[in-house]
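Q: The file below is target.cif, mmCIF, C-alpha atoms and all ligand atoms:
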data_structure
#
loop_
_atom_site.group_PDB
_atom_site.id
_atom_site.type_symbol
_atom_site.label_atom_id
_atom_site.label_comp_id
_atom_site.auth_asym_id
_atom_site.auth_seq_id
_atom_site.Cartn_x
_atom_site.Cartn_y
_atom_site.Cartn_z
ATOM 1 C CA MET B 1 20.448 -0.344 -23.691
ATOM 2 C CA LEU B 2 22.388 -3.061 -21.815
ATOM 3 C CA PRO B 3 24.462 -0.604 -19.715
ATOM 4 C CA ILE B 4 21.268 1.207 -18.667
ATOM 5 C CA LEU B 5 19.614 -2.084 -17.679
ATOM 6 C CA LEU B 6 22.740 -3.086 -15.771
ATOM 7 C CA ALA B 7 22.828 0.254 -13.958
ATOM 8 C CA VAL B 8 19.132 -0.067 -13.001
ATOM 9 C CA CYS B 9 19.711 -3.635 -11.704
ATOM 10 C CA MET B 10 22.770 -2.526 -9.702
ATOM 11 C CA GLY B 11 20.778 0.394 -8.275
ATOM 12 C CA ALA B 12 17.862 -1.874 -7.283
ATOM 13 C CA LEU B 13 20.237 -4.419 -5.693
ATOM 14 C CA THR B 14 22.033 -1.688 -3.727
ATOM 15 C CA LEU B 15 18.690 -0.330 -2.508
ATOM 16 C CA LEU B 16 17.546 -3.834 -1.507
ATOM 17 C CA LEU B 17 20.796 -4.491 0.395
ATOM 18 C CA PHE B 18 20.455 -1.117 2.117
ATOM 19 C CA VAL B 19 16.853 -1.895 3.196
ATOM 20 C CA VAL B 20 17.863 -5.394 4.445
ATOM 21 C CA TRP B 21 20.780 -3.894 6.405
ATOM 22 C CA ARG B 22 18.576 -1.172 7.986
ATOM 23 C CA VAL B 23 15.811 -3.669 8.840
ATOM 24 C CA ARG B 24 18.360 -5.925 10.556
ATOM 25 C CA THR B 25 20.085 -3.186 12.532
ATOM 26 C CA ASP B 26 17.654 -0.311 13.078
ATOM 27 C CA GLY B 27 14.612 -0.760 15.329
ATOM 28 C CA THR B 28 12.416 1.810 13.577
ATOM 29 C CA TRP B 29 13.016 0.206 10.185
ATOM 30 C CA ALA B 30 12.561 -3.306 11.637
ATOM 31 C CA LEU B 31 9.215 -2.405 13.230
ATOM 32 C CA TRP B 32 7.974 -0.726 10.050
ATOM 33 C CA TRP B 33 9.045 -3.710 7.913
ATOM 34 C CA HIS B 34 7.515 -6.394 10.134
ATOM 35 C CA ASP B 35 4.504 -4.524 11.503
ATOM 36 C CA ASN B 36 3.336 -2.732 8.381
ATOM 37 C CA TYR B 37 4.772 -4.231 5.227
ATOM 38 C CA LEU B 38 5.107 -7.970 5.991
ATOM 39 C CA GLU B 39 2.037 -8.217 8.241
ATOM 40 C CA ARG B 40 -0.242 -6.609 5.629
ATOM 41 C CA LEU B 41 1.217 -8.765 2.879
ATOM 42 C CA ARG B 42 0.551 -11.950 4.879
ATOM 43 C CA ASP B 43 -2.925 -10.766 5.907
ATOM 44 C CA PHE B 44 -3.698 -10.313 2.216
ATOM 45 C CA THR B 45 -2.265 -13.669 1.097
ATOM 46 C CA SER B 46 -3.666 -15.741 4.022
ATOM 47 C CA GLY B 47 -7.011 -13.947 4.434
ATOM 48 C CA LYS B 48 -6.426 -14.008 8.207
ATOM 49 C CA SER B 49 -4.995 -11.622 10.784
ATOM 50 C CA ARG B 50 -1.601 -12.237 12.375
ATOM 51 C CA PRO B 51 -3.181 -13.005 15.794
ATOM 52 C CA MET B 52 -5.382 -15.614 14.055
ATOM 53 C CA ARG B 53 -2.304 -17.178 12.432
ATOM 54 C CA ILE B 54 -0.592 -17.333 15.838
ATOM 55 C CA LEU B 55 -3.698 -18.893 17.405
ATOM 56 C CA GLN B 56 -3.916 -21.487 14.646
ATOM 57 C CA TYR B 57 -0.255 -22.433 15.134
ATOM 58 C CA VAL B 58 -0.812 -22.758 18.900
ATOM 59 C CA GLN B 59 -3.894 -24.948 18.399
ATOM 60 C CA ASN B 60 -2.005 -27.169 15.947
ATOM 61 C CA THR B 61 1.247 -27.566 17.858
ATOM 62 C CA ALA B 62 0.974 -26.758 21.598
ATOM 63 C CA VAL B 63 -0.121 -29.160 24.313
ATOM 64 C CA GLN B 64 -3.535 -28.179 25.690
ATOM 65 C CA GLY B 65 -3.354 -27.089 29.343
ATOM 66 C CA ASP B 66 0.446 -26.716 29.260
ATOM 67 C CA ALA B 67 1.300 -23.000 29.487
ATOM 68 C CA ASN B 68 5.017 -23.530 28.795
ATOM 69 C CA SER B 69 4.194 -25.474 25.649
ATOM 70 C CA VAL B 70 1.921 -22.641 24.431
ATOM 71 C CA ILE B 71 4.591 -20.001 25.227
ATOM 72 C CA SER B 72 7.204 -22.049 23.305
ATOM 73 C CA ALA B 73 4.827 -22.426 20.352
ATOM 74 C CA VAL B 74 4.275 -18.646 20.140
ATOM 75 C CA ASP B 75 8.035 -18.025 20.419
ATOM 76 C CA SER B 76 8.798 -20.623 17.770
ATOM 77 C CA TYR B 77 6.214 -19.161 15.360
ATOM 78 C CA CYS B 78 7.356 -15.577 15.900
ATOM 79 C CA ALA B 79 11.072 -16.372 15.675
ATOM 80 C CA ASN B 80 10.825 -18.627 12.609
ATOM 81 C CA VAL B 81 7.691 -17.723 10.662
ATOM 82 C CA GLU B 82 6.663 -14.138 11.321
ATOM 83 C CA TRP B 83 7.561 -11.470 13.859
ATOM 84 C CA ALA B 84 4.944 -10.244 16.371
ATOM 85 C CA MET B 85 4.948 -7.667 19.163
ATOM 86 C CA ASN B 86 4.998 -10.075 22.142
ATOM 87 C CA VAL B 87 7.532 -9.275 24.856
ATOM 88 C CA GLY B 88 9.365 -12.357 23.536
ATOM 89 C CA ASP B 89 11.622 -14.974 25.090
ATOM 90 C CA LYS B 90 14.650 -12.798 26.033
ATOM 91 C CA LYS B 91 12.813 -9.934 27.738
ATOM 92 C CA GLY B 92 10.318 -12.566 28.911
ATOM 93 C CA GLU B 93 13.037 -13.924 31.182
ATOM 94 C CA ILE B 94 13.412 -10.483 32.787
ATOM 95 C CA LEU B 95 9.629 -10.366 33.252
ATOM 96 C CA ASP B 96 9.645 -13.870 34.797
ATOM 97 C CA ALA B 97 12.410 -12.896 37.242
ATOM 98 C CA VAL B 98 10.504 -9.775 38.357
ATOM 99 C CA VAL B 99 7.261 -11.743 38.868
ATOM 100 C CA LEU B 100 9.108 -14.391 40.923
ATOM 101 C CA ASP B 101 10.853 -11.715 42.964
ATOM 102 C CA VAL B 102 7.719 -9.642 43.720
ATOM 103 C CA ARG B 103 5.365 -12.631 44.313
ATOM 104 C CA PRO B 104 2.408 -10.330 43.630
ATOM 105 C CA ARG B 105 -1.149 -10.745 44.878
ATOM 106 C CA TRP B 106 -2.560 -8.199 42.395
ATOM 107 C CA VAL B 107 -1.044 -7.661 38.941
ATOM 108 C CA LEU B 108 -2.123 -5.234 36.229
ATOM 109 C CA GLU B 109 -1.015 -5.625 32.627
ATOM 110 C CA LEU B 110 -1.501 -2.770 30.151
ATOM 111 C CA GLY B 111 -1.623 -4.246 26.610
ATOM 112 C CA THR B 112 -2.593 -7.922 26.202
ATOM 113 C CA TYR B 113 -2.261 -8.443 22.426
ATOM 114 C CA CYS B 114 -2.407 -12.270 21.990
ATOM 115 C CA GLY B 115 -1.857 -13.003 25.685
ATOM 116 C CA TYR B 116 1.812 -14.020 25.464
ATOM 117 C CA SER B 117 3.086 -11.932 28.401
ATOM 118 C CA THR B 118 -0.202 -12.617 30.195
ATOM 119 C CA MET B 119 0.667 -16.336 30.110
ATOM 120 C CA ARG B 120 4.234 -15.705 31.247
ATOM 121 C CA ILE B 121 2.972 -13.766 34.272
ATOM 122 C CA ALA B 122 -0.049 -15.958 35.106
ATOM 123 C CA ARG B 123 1.897 -19.246 35.163
ATOM 124 C CA LEU B 124 4.219 -17.875 37.878
ATOM 125 C CA LEU B 125 1.621 -16.348 40.196
ATOM 126 C CA PRO B 126 1.229 -17.656 43.733
ATOM 127 C CA PRO B 127 -2.138 -19.291 44.579
ATOM 128 C CA GLY B 128 -4.948 -16.774 45.038
ATOM 129 C CA ALA B 129 -3.219 -14.033 43.025
ATOM 130 C CA ARG B 130 -5.085 -12.213 40.238
ATOM 131 C CA LEU B 131 -3.915 -10.759 36.970
ATOM 132 C CA ILE B 132 -6.028 -8.073 35.316
ATOM 133 C CA THR B 133 -5.040 -7.384 31.715
ATOM 134 C CA LEU B 134 -6.378 -4.533 29.561
ATOM 135 C CA GLU B 135 -6.687 -4.648 25.773
ATOM 136 C CA MET B 136 -8.506 -2.090 23.643
ATOM 137 C CA ASN B 137 -8.608 -4.118 20.429
ATOM 138 C CA HIS B 138 -11.619 -6.484 20.447
ATOM 139 C CA HIS B 139 -10.149 -8.899 17.911
ATOM 140 C CA TYR B 140 -6.841 -9.229 19.793
ATOM 141 C CA ALA B 141 -8.785 -9.769 23.032
ATOM 142 C CA GLN B 142 -10.836 -12.590 21.488
ATOM 143 C CA VAL B 143 -7.666 -14.309 20.273
ATOM 144 C CA ALA B 144 -5.974 -13.820 23.661
ATOM 145 C CA LYS B 145 -8.947 -15.452 25.418
ATOM 146 C CA GLN B 146 -8.607 -18.532 23.222
ATOM 147 C CA ILE B 147 -4.831 -18.717 23.687
ATOM 148 C CA LEU B 148 -5.186 -18.357 27.469
ATOM 149 C CA GLY B 149 -7.872 -21.061 27.387
ATOM 150 C CA HIS B 150 -5.550 -23.367 25.442
ATOM 151 C CA ALA B 151 -2.857 -22.759 28.077
ATOM 152 C CA GLY B 152 -5.325 -23.513 30.885
ATOM 153 C CA LEU B 153 -4.745 -20.108 32.491
ATOM 154 C CA ASP B 154 -8.056 -18.360 31.886
ATOM 155 C CA SER B 155 -9.335 -18.808 35.463
ATOM 156 C CA GLN B 156 -6.493 -16.706 36.958
ATOM 157 C CA VAL B 157 -6.832 -13.863 34.470
ATOM 158 C CA ASP B 158 -9.429 -11.118 34.002
ATOM 159 C CA LEU B 159 -9.188 -9.689 30.502
ATOM 160 C CA LEU B 160 -10.984 -6.355 30.158
ATOM 161 C CA VAL B 161 -11.629 -4.922 26.717
ATOM 162 C CA GLY B 162 -11.332 -1.149 26.405
ATOM 163 C CA ALA B 163 -8.926 1.760 26.617
ATOM 164 C CA SER B 164 -6.724 1.819 29.720
ATOM 165 C CA SER B 165 -7.593 5.478 30.418
ATOM 166 C CA ALA B 166 -11.267 4.512 30.744
ATOM 167 C CA LEU B 167 -10.762 1.202 32.581
ATOM 168 C CA ILE B 168 -8.108 2.144 35.172
ATOM 169 C CA PRO B 169 -10.451 4.425 37.193
ATOM 170 C CA GLN B 170 -12.996 1.544 37.433
ATOM 171 C CA LEU B 171 -10.619 -1.157 38.727
ATOM 172 C CA LYS B 172 -10.799 -0.574 42.506
ATOM 173 C CA LYS B 173 -14.590 -0.825 42.585
ATOM 174 C CA LYS B 174 -14.919 -3.530 39.939
ATOM 175 C CA PHE B 175 -12.533 -5.935 41.677
ATOM 176 C CA ASP B 176 -13.019 -4.767 45.268
ATOM 177 C CA MET B 177 -9.263 -4.332 45.512
ATOM 178 C CA ASP B 178 -6.865 -1.803 47.032
ATOM 179 C CA LYS B 179 -3.436 -1.575 45.320
ATOM 180 C CA PHE B 180 -1.428 -3.421 42.691
ATOM 181 C CA ASP B 181 1.833 -5.109 43.642
ATOM 182 C CA LEU B 182 3.075 -5.299 40.050
ATOM 183 C CA VAL B 183 2.166 -3.392 36.876
ATOM 184 C CA PHE B 184 3.474 -4.578 33.507
ATOM 185 C CA ILE B 185 3.329 -1.642 31.079
ATOM 186 C CA ASP B 186 3.342 -2.742 27.445
ATOM 187 C CA HIS B 187 0.664 -0.864 25.485
ATOM 188 C CA TRP B 188 1.198 2.086 23.124
ATOM 189 C CA LYS B 189 4.284 3.941 24.242
ATOM 190 C CA THR B 190 2.668 7.425 24.374
ATOM 191 C CA SER B 191 0.250 6.076 27.019
ATOM 192 C CA TYR B 192 2.981 4.915 29.448
ATOM 193 C CA LEU B 193 3.302 8.266 31.245
ATOM 194 C CA PRO B 194 -0.361 9.387 31.340
ATOM 195 C CA ASP B 195 -1.447 5.938 32.566
ATOM 196 C CA THR B 196 1.262 5.871 35.252
ATOM 197 C CA LYS B 197 0.026 9.244 36.505
ATOM 198 C CA LEU B 198 -3.553 7.934 36.329
ATOM 199 C CA LEU B 199 -2.583 4.900 38.465
ATOM 200 C CA GLU B 200 -1.120 7.330 41.026
ATOM 201 C CA GLU B 201 -4.254 9.527 40.952
ATOM 202 C CA CYS B 202 -6.536 6.516 41.372
ATOM 203 C CA ASP B 203 -4.485 5.460 44.415
ATOM 204 C CA LEU B 204 -3.670 2.080 42.875
ATOM 205 C CA LEU B 205 0.068 2.119 43.713
ATOM 206 C CA ALA B 206 1.423 1.244 47.162
ATOM 207 C CA SER B 207 4.895 1.922 48.510
ATOM 208 C CA GLY B 208 6.854 -0.988 47.006
ATOM 209 C CA THR B 209 4.644 -1.491 43.916
ATOM 210 C CA VAL B 210 6.856 -2.458 40.979
ATOM 211 C CA LEU B 211 6.256 -1.008 37.519
ATOM 212 C CA LEU B 212 7.968 -2.917 34.704
ATOM 213 C CA ALA B 213 7.895 -1.131 31.341
ATOM 214 C CA ASP B 214 8.747 -2.850 28.063
ATOM 215 C CA ASN B 215 10.252 -1.292 24.906
ATOM 216 C CA VAL B 216 11.761 1.707 26.645
ATOM 217 C CA THR B 217 14.595 1.724 24.089
ATOM 218 C CA CYS B 218 12.825 0.463 20.964
ATOM 219 C CA PRO B 219 10.539 2.080 19.932
ATOM 220 C CA GLY B 220 11.207 4.009 23.173
ATOM 221 C CA ALA B 221 9.206 5.886 25.791
ATOM 222 C CA PRO B 222 11.405 8.941 26.560
ATOM 223 C CA GLU B 223 8.840 10.969 28.516
ATOM 224 C CA TYR B 224 8.024 7.995 30.738
ATOM 225 C CA LEU B 225 11.726 7.284 31.324
ATOM 226 C CA HIS B 226 12.426 10.908 32.170
ATOM 227 C CA TYR B 227 9.592 10.824 34.709
ATOM 228 C CA VAL B 228 10.439 7.606 36.563
ATOM 229 C CA ARG B 229 14.189 8.347 36.537
ATOM 230 C CA ASN B 230 13.814 11.877 37.917
ATOM 231 C CA SER B 231 10.807 11.687 40.211
ATOM 232 C CA PRO B 232 11.616 11.268 43.927
ATOM 233 C CA ARG B 233 8.594 8.940 44.048
ATOM 234 C CA TYR B 234 10.416 6.180 42.098
ATOM 235 C CA LYS B 235 13.619 4.180 42.250
ATOM 236 C CA SER B 236 14.331 3.083 38.723
ATOM 237 C CA LEU B 237 16.649 0.576 37.054
ATOM 238 C CA TYR B 238 17.255 -0.259 33.368
ATOM 239 C CA PHE B 239 17.596 -3.841 32.107
ATOM 240 C CA PRO B 240 19.275 -3.968 28.680
ATOM 241 C CA SER B 241 18.063 -6.638 26.279
ATOM 242 C CA GLN B 242 16.976 -7.102 22.668
ATOM 243 C CA LEU B 243 13.774 -6.369 20.786
ATOM 244 C CA GLU B 244 11.602 -9.484 20.587
ATOM 245 C CA TYR B 245 12.822 -12.041 18.027
ATOM 246 C CA LEU B 246 15.359 -9.591 16.482
ATOM 247 C CA ARG B 247 18.964 -8.525 17.035
ATOM 248 C CA VAL B 248 17.973 -4.926 17.786
ATOM 249 C CA GLU B 249 18.747 -3.196 21.070
ATOM 250 C CA ASP B 250 15.839 -2.784 23.491
ATOM 251 C CA GLY B 251 15.373 -2.797 27.251
ATOM 252 C CA MET B 252 12.948 -2.787 30.162
ATOM 253 C CA GLU B 253 12.709 -0.301 33.013
ATOM 254 C CA LYS B 254 11.860 -1.534 36.497
ATOM 255 C CA SER B 255 10.633 1.265 38.733
ATOM 256 C CA VAL B 256 9.688 0.830 42.361
ATOM 257 C CA PHE B 257 7.047 3.288 43.628
ATOM 258 C CA LEU B 258 8.237 4.804 46.903
ATOM 259 C CA GLY B 259 4.927 6.340 47.944
HETATM 260 C C1 LIG B 301 3.028 -4.518 22.442
HETATM 261 S S1 LIG B 301 1.381 -5.127 22.415
HETATM 262 C C2 LIG B 301 1.270 -6.036 23.923
HETATM 263 C C3 LIG B 301 2.109 -7.274 23.919
HETATM 264 C C4 LIG B 301 1.878 -8.161 25.112
HETATM 265 N N1 LIG B 301 2.055 -7.459 26.371
HETATM 266 C C5 LIG B 301 2.842 -9.333 25.064
HETATM 267 O O1 LIG B 301 4.012 -9.133 25.424
HETATM 268 O O2 LIG B 301 2.450 -10.405 24.675
HETATM 269 C C6 LIG B 301 0.471 -3.673 22.799
HETATM 270 C C7 LIG B 301 -1.027 -3.902 22.915
HETATM 271 O O3 LIG B 301 -1.576 -2.834 23.655
HETATM 272 C C8 LIG B 301 -2.853 -2.537 23.143
HETATM 273 N N2 LIG B 301 -3.115 -1.154 23.553
HETATM 274 C C9 LIG B 301 -2.483 -0.054 23.112
HETATM 275 N N3 LIG B 301 -2.912 1.039 23.767
HETATM 276 C C10 LIG B 301 -3.854 0.611 24.653
HETATM 277 C C11 LIG B 301 -4.658 1.273 25.621
HETATM 278 N N4 LIG B 301 -4.558 2.573 25.825
HETATM 279 N N5 LIG B 301 -5.512 0.527 26.339
HETATM 280 C C12 LIG B 301 -5.595 -0.823 26.168
HETATM 281 N N6 LIG B 301 -4.857 -1.490 25.258
HETATM 282 C C13 LIG B 301 -3.988 -0.788 24.517
HETATM 283 C C14 LIG B 301 -2.710 -2.741 21.642
HETATM 284 O O4 LIG B 301 -3.954 -2.961 21.027
HETATM 285 C C15 LIG B 301 -1.782 -3.944 21.589
HETATM 286 O O5 LIG B 301 -2.492 -5.127 21.497
#
Could the structure of this file be written out as structure tokens, please?
Ligand SMILES: C[S@@+](CC[C@H](N)C(=O)[O-])C[C@H]1O[C@@H](n2cnc3c(N)ncnc32)[C@H](O)[C@@H]1O
A:
Amino acid sequence: MLPILLAVCMGALTLLLFVVWRVRTDGTWALWWHDNYLERLRDFTSGKSRPMRILQYVQNTAVQGDANSVISAVDSYCANVEWAMNVGDKKGEILDAVVLDVRPRWVLELGTYCGYSTMRIARLLPPGARLITLEMNHHYAQVAKQILGHAGLDSQVDLLVGASSALIPQLKKKFDMDKFDLVFIDHWKTSYLPDTKLLEECDLLASGTVLLADNVTCPGAPEYLHYVRNSPRYKSLYFPSQLEYLRVEDGMEKSVFLG
């Protein structure tokens, strides 16, 4: 009996070590572990959603009206308490550098989630610039509004709730605008390419418009990458980095529309 028990324990331990190793080194396993298993477990035990837990942490710890303090609070929560799909601090620095370099008047963000990258972009915008961010999940959008309000950035940002494919064709008329200077692409990865083509069709990209796409390595957006790297309409450059809050390879693709 004892040898069988010992063998079962050894087998279970080996399996556990294997799962821990894969979660720490493989992006697909890491995303499944954090986004499905751990998130659902915490939702069940706390009776709240992950965005609500992030919001609560921000309200309890970040200085009201101080965007950097709110950004640090989200990073601290997601690095130390539970992972979340924000662009994160490391790739956030790449995003910051692109925003500062472009100095955009009109920015579009695809995928708001809790408003983390929205805050990073909005706090660096020159006076008079506008950031339009699209989020299809109503609950996430409500949380993002409160987080942006806590950071004091809500007046610079227009958060539209709905699917990007439905909202993009309405933007020109709705905002009485012409073209975007910067587009941050960070929604579901299968939508990167169709929405880029939709932006072209809707005449929302000017020569010089910068597209910055997150997660092009993990979980990856191969069709989008193939398009921007091979189309004569784009000049594209890869920025290697790490997946938010984890030691897993990821990167961002900056693509300049050439007209
Ligand atoms: C990776 S998260 C965005 C993270 C955010 N940019 C940040 O760094 O803080 C992706 C978000 O895109 C939203 N989303 C996915 N597909 C979308 C679509 N087609 N239209 C609008 N929102 C979408 C999801 O609901 C999710 O909240």
Q: In Å, rounded to a single decimal, give me how far CA of Arg22 in chain B is from CA of Cys9 in chain B.
A: 19.9 Å
Q: Name the residues that the PyMOL selection byres (((chain B and resi 208-214) around 7) and not hetatm) picks from the file above, as a ChimeraX atom specification, using the file's chain letters and numbers.
A: /B:180-186,205-207,215-216,251-258
Q: Grab the residues selected above and save them as a tab-separated table (two decimals), in the coordinates of the input with C-alpha atoms.
A:
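Written out: part-v6.tsv:
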chain	number	residue	atom	x	y	z
B	180	PHE	CA	-1.43	-3.42	42.69
B	181	ASP	CA	1.83	-5.11	43.64
B	182	LEU	CA	3.08	-5.30	40.05
B	183	VAL	CA	2.17	-3.39	36.88
B	184	PHE	CA	3.47	-4.58	33.51
B	185	ILE	CA	3.33	-1.64	31.08
B	186	ASP	CA	3.34	-2.74	27.44
B	205	LEU	CA	0.07	2.12	43.71
B	206	ALA	CA	1.42	1.24	47.16
B	207	SER	CA	4.89	1.92	48.51
B	215	ASN	CA	10.25	-1.29	24.91
B	216	VAL	CA	11.76	1.71	26.64
B	251	GLY	CA	15.37	-2.80	27.25
B	252	MET	CA	12.95	-2.79	30.16
B	253	GLU	CA	12.71	-0.30	33.01
B	254	LYS	CA	11.86	-1.53	36.50
B	255	SER	CA	10.63	1.26	38.73
B	256	VAL	CA	9.69	0.83	42.36
B	257	PHE	CA	7.05	3.29	43.63
B	258	LEU	CA	8.24	4.80	46.90
Q: Write out as a VMD selection string each polymer residue whose atoms come within 9 Å of Leu243 in chain B, counting all atoms listed in the file; drop sequence neighbours fewer than 5 positions from it.
A: chain B and resid 27 87 to 88 90 to 91 215 217 to 218 248 to 251
Q: Considering only C-alpha atoms and all ligand atoms, state which residue in the set B:Leu125, B:Leu110, B:Val228, B:Val98 is at the smallest distance from ligand LIG 301 (chain B).
A: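 Of B:Leu125, B:Leu110, B:Val228, B:Val98, the one nearest ligand LIG 301 (chain B) is B:Leu110, counting only C-alpha atoms and all ligand atoms.
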Q: To check your reading of the model: which residues sit at most 7 Å from ligand LIG 301 (chain B) when counting all atoms listed in the file? Write the answer as a list in words.
A: Met85, Asn86, Val87, Gly88, Leu110, Gly111, Thr112, Tyr113, Cys114, Gly115, Tyr116, Ser117, Thr118, Leu134, Glu135, Met136, Asn137, Tyr140, Gly162, Ala163, Ser164, Ser165, Asp186, His187, Trp188 and Ser191 of chain B
Q: Starting from the incomplete input, reconstruct N, CA and C atoms of range 125-139 of chain B and report them as a compact mmCIF listing (two decimals), keeping the file's coordinate frame.
A:
# COMPACT_ATOMS: atom_id res chain seq x y z
N LEU B 125 2.27 -17.01 39.06
CA LEU B 125 1.62 -16.35 40.20
C LEU B 125 1.40 -17.31 41.35
N PRO B 126 1.54 -16.80 42.57
CA PRO B 126 1.23 -17.66 43.73
C PRO B 126 -0.28 -17.92 43.79
N PRO B 127 -0.71 -18.98 44.49
CA PRO B 127 -2.14 -19.29 44.58
C PRO B 127 -2.93 -18.10 45.13
N GLY B 128 -4.08 -17.86 44.56
CA GLY B 128 -4.95 -16.77 45.04
C GLY B 128 -4.66 -15.43 44.39
N ALA B 129 -3.55 -15.31 43.66
CA ALA B 129 -3.22 -14.03 43.02
C ALA B 129 -4.09 -13.81 41.79
N ARG B 130 -4.26 -12.53 41.42
CA ARG B 130 -5.08 -12.21 40.24
C ARG B 130 -4.31 -11.33 39.29
N LEU B 131 -4.52 -11.58 38.03
CA LEU B 131 -3.92 -10.76 36.97
C LEU B 131 -5.04 -10.13 36.16
N ILE B 132 -5.05 -8.80 36.13
CA ILE B 132 -6.03 -8.07 35.32
C ILE B 132 -5.27 -7.53 34.11
N THR B 133 -5.73 -7.85 32.91
CA THR B 133 -5.04 -7.38 31.72
C THR B 133 -6.01 -6.58 30.86
N LEU B 134 -5.52 -5.45 30.32
CA LEU B 134 -6.38 -4.53 29.56
C LEU B 134 -5.97 -4.51 28.09
N GLU B 135 -6.95 -4.67 27.21
CA GLU B 135 -6.69 -4.65 25.77
C GLU B 135 -7.81 -3.89 25.08
N MET B 136 -7.45 -2.90 24.27
CA MET B 136 -8.51 -2.09 23.64
C MET B 136 -8.97 -2.64 22.30
N ASN B 137 -8.23 -3.58 21.74
CA ASN B 137 -8.61 -4.12 20.43
C ASN B 137 -9.44 -5.39 20.63
N HIS B 138 -10.70 -5.36 20.19
CA HIS B 138 -11.62 -6.48 20.45
C HIS B 138 -11.13 -7.78 19.81
N HIS B 139 -10.61 -7.69 18.60
CA HIS B 139 -10.15 -8.90 17.91
C HIS B 139 -8.96 -9.53 18.65
